[in-house]
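Asker: Sharing a structure, written as structure tokens. Questions coming.
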Amino acid sequence: MQTVKEETITPQRLAGLFEKNRKLLFQGDTGLLSGVRERAFASFQQLGFPDARIESWRLTDLSESFSRGYDYSLRPETEVDVQKVFRCNIPHLDTAIIGQLNGWYVSKEVPLMELGNGIIMGSLAEAKNKYPALVEKFYGTIADDAADGFTALNTAFAQDGVFIYVPDNVQSPRPVQLINVIHHDRNLFLQSRNLIIVGKNARLSLVHCDDSYNHQASFSNIVTEIHVGEDAMLDHYKLQNLNNNSTLVSSVYFRMEASSLLESHYISLNGGLLRNNIRLLFNGPHGNANIYGIYLMDRKQHVDNHVFVDHAFPGCTSNETFKGILDEHARAIFNGHVLVRRHATKTDARQSNKNILLTDTARVNSKPFLEIYNDDVKCSHGSTTGQLDTESMFYLRQRGIGEETARMLLMFAFADEIVNKITIPELRQRIEDMVKKRLQGELQICEQCVLHCSTPEHPTEFQIDLNRI
């Protein structure tokens, strides 16, 4: 692995790294993609890293993350035990697993899998070589380099990632699970790029997991471009379970064509600093998008969800529902922005953000807002932040349930509204179990807890009607 040794990350250092390693960075790019990379680097030089002077970053301070020294890897790991690193701990979940280790695609067999039904998945770097016209058609056309410094940095530096292509009229026979693992004995600064293409009238379920296997510090800058074709459907899951020394800036750009459907789920269970940039463009009429989020933060963890939905065509429907539980000194930010353009009549857009604070030192800043330029719409937004409901607590205590158990049940019922939106049964069961463990502030289940994780032989059953709370 060719590595630039541990130093603090600055725009000046990255500019020198780019110029010094041009040949390596541009390796495998077509002429068109080289131009995309050059323009992105120019944008990054102009934009730099965001700071508190930019409104959308005013409440997320990256100074501590940037104060650390990081290695920058220019080549992937050479020897990886794929079976050991990319183990799936979701029982009975049948998925096609794609692995990324420290920002690089990893495969024990072939870098690019081509299935009989036309589905292609594997290394983005290999896809550039083998299917240049297909990659050129979408790469860099969905993400906005000119408006975001981290996206521009990623486009300039990313060398590999995951490529998934589902052709027109094809349904993926099983979900695809992208497992992105950070595991190293040194601090790493990582750039990873993913391109997902779901063709016309196609179907795909994608489970994207971000995990770290030790407590080493890391800074990940991940950009994912997702094209959802006309009449296509994407069921998308983003699971984040990283250590408390990690910083993750995840930017996911969706472009939805006419009559396409999206179900997107963001589940943030752990992480030092998590920033989710979610950008969605309706690029045709009659699209429908539901974006759900649940975040469970404690200690000094920080999560920032920024959602921008652009209703650029008429007759589209969007729904954002985010819920959070914060303990100790945790901090959460929700910023939801819906833009309804002048000609986007018959728009139906809804936003909701609800939070529970378990301590006086936890903080939430919530800002859902609408920008509307025509009158023929149905739009709403709302936000609530408070403590556990005293009436519900009284209802449980009256039935002989201890205070701590009652608190656990109330928190689980609050989170379960989002978890129940998961349509893959095995994944939903696993996330329910992880939420139960997370609500205890630990990843090991307590034998005295009423929220025992389910097994096929011993499913969890509640004697309390959770609908009442």
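If you're wondering about the labels, chains in the structure tokens are A, B, ... by order shown, residues count from 1 in each chain, ligands from 1 in order shown.
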Any chance you could list, as a PyMOL selection string, the residues in region 11-196 of chain A that come up strand (DSSP E) when DSSP is run on the backbone?

Answerer: chain A and resi 69-73+96-101+104-106+112-114+120-123+162-166+176-182+188-196

Asker: Quick one: which region 194-269 of chain A residues come within 12 Å of region 422-444 of chain A, and what is the nearest atom pair for each with the distance in Å to one decimal, counting only C-alpha atoms, rows ordered by chain and ascending number, as JSON lines?

Answerer:
```
{"residue": "A:Ser205", "atom": "CA", "partner": "A:Ile424", "partner_atom": "CA", "distance": 8.9}
{"residue": "A:Leu206", "atom": "CA", "partner": "A:Ile424", "partner_atom": "CA", "distance": 10.5}
{"residue": "A:Val207", "atom": "CA", "partner": "A:Leu427", "partner_atom": "CA", "distance": 9.1}
{"residue": "A:His208", "atom": "CA", "partner": "A:Leu427", "partner_atom": "CA", "distance": 11.8}
{"residue": "A:Cys209", "atom": "CA", "partner": "A:Leu427", "partner_atom": "CA", "distance": 11.6}
{"residue": "A:Leu234", "atom": "CA", "partner": "A:Thr423", "partner_atom": "CA", "distance": 11.8}
{"residue": "A:Asp235", "atom": "CA", "partner": "A:Thr423", "partner_atom": "CA", "distance": 8.4}
{"residue": "A:His236", "atom": "CA", "partner": "A:Ile422", "partner_atom": "CA", "distance": 9.5}
{"residue": "A:Tyr237", "atom": "CA", "partner": "A:Ile422", "partner_atom": "CA", "distance": 8.4}
{"residue": "A:Lys238", "atom": "CA", "partner": "A:Ile422", "partner_atom": "CA", "distance": 11.3}
{"residue": "A:Leu239", "atom": "CA", "partner": "A:Ile431", "partner_atom": "CA", "distance": 9.1}
{"residue": "A:Gln240", "atom": "CA", "partner": "A:Ile431", "partner_atom": "CA", "distance": 11.2}
{"residue": "A:Asn241", "atom": "CA", "partner": "A:Met434", "partner_atom": "CA", "distance": 9.9}
{"residue": "A:Asn243", "atom": "CA", "partner": "A:Leu443", "partner_atom": "CA", "distance": 11.9}
{"residue": "A:Glu263", "atom": "CA", "partner": "A:Ile422", "partner_atom": "CA", "distance": 9.0}
{"residue": "A:Ser264", "atom": "CA", "partner": "A:Ile422", "partner_atom": "CA", "distance": 9.3}
{"residue": "A:His265", "atom": "CA", "partner": "A:Ile422", "partner_atom": "CA", "distance": 7.6}
{"residue": "A:Tyr266", "atom": "CA", "partner": "A:Ile422", "partner_atom": "CA", "distance": 10.5}
{"residue": "A:Ile267", "atom": "CA", "partner": "A:Ile431", "partner_atom": "CA", "distance": 8.6}
{"residue": "A:Ser268", "atom": "CA", "partner": "A:Val435", "partner_atom": "CA", "distance": 9.8}
{"residue": "A:Leu269", "atom": "CA", "partner": "A:Arg438", "partner_atom": "CA", "distance": 6.9}
```

Asker: Store the residues picked out above in a file with C-alpha atoms, as a PDB file, in the first residue's frame.

Answerer:
```pdb
ATOM      1  CA  SER A 205     -32.581  -3.238  -2.753  1.00  0.00           C
ATOM      2  CA  LEU A 206     -29.268  -1.827  -1.484  1.00  0.00           C
ATOM      3  CA  VAL A 207     -27.953  -2.143   2.081  1.00  0.00           C
ATOM      4  CA  HIS A 208     -24.953   0.136   2.649  1.00  0.00           C
ATOM      5  CA  CYS A 209     -23.124  -0.486   5.948  1.00  0.00           C
ATOM      6  CA  LEU A 234     -34.890   1.583  -5.190  1.00  0.00           C
ATOM      7  CA  ASP A 235     -35.057   0.376  -1.581  1.00  0.00           C
ATOM      8  CA  HIS A 236     -32.001   1.986   0.037  1.00  0.00           C
ATOM      9  CA  TYR A 237     -30.539   1.506   3.536  1.00  0.00           C
ATOM     10  CA  LYS A 238     -27.623   3.426   5.077  1.00  0.00           C
ATOM     11  CA  LEU A 239     -26.385   1.900   8.355  1.00  0.00           C
ATOM     12  CA  GLN A 240     -23.709   3.712  10.360  1.00  0.00           C
ATOM     13  CA  ASN A 241     -21.960   2.017  13.292  1.00  0.00           C
ATOM     14  CA  ASN A 243     -16.217   4.176  16.653  1.00  0.00           C
ATOM     15  CA  GLU A 263     -37.471   4.315  -0.036  1.00  0.00           C
ATOM     16  CA  SER A 264     -34.333   5.513   1.769  1.00  0.00           C
ATOM     17  CA  HIS A 265     -33.490   4.690   5.391  1.00  0.00           C
ATOM     18  CA  TYR A 266     -30.701   6.306   7.446  1.00  0.00           C
ATOM     19  CA  ILE A 267     -29.863   4.471  10.674  1.00  0.00           C
ATOM     20  CA  SER A 268     -27.100   6.085  12.742  1.00  0.00           C
ATOM     21  CA  LEU A 269     -26.187   4.009  15.792  1.00  0.00           C
TER      22      LEU A 269
END
```

Asker: Which residue, A:Lys421, A:Arg299, A:Lys354, A:Arg203, has the smallest gap to His329 (chain A) when you use only C-alpha atoms?

Answerer: A:Arg299

Asker: How many Å separate CA of Thr359 (chain A) from CA of Leu409 (chain A)?

Answerer: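 Between CA of Thr359 (chain A) and CA of Leu409 (chain A) the gap is 17.4 Å.
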
Asker: Give me, as an MDAnalysis selection string, all polymer residues having an atom no more than 8 Å from region 136-144 of chain A, counting only C-alpha atoms and skipping those fewer than 4 positions away in the same chain.

Answerer: chainID A and resid 32:33 36 132 148 151:152 155 195 223 225:227 253:255

Asker: Within 10 Å of Phe26 (chain A), counting only C-alpha atoms, which residues show up once you throw out same-chain ones fewer than 2 positions away? Write them as a list in words, please.

Answerer: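 After dropping sequence-adjacent residues, the list is Phe18, Asn21, Arg22, Lys23, Leu24, Gly28, Asp29, Thr30, Gly31, Leu33, Ser34, Gly35, Arg37, Glu38, Ala156, Phe157, Ala158 and Gln159 of chain A.
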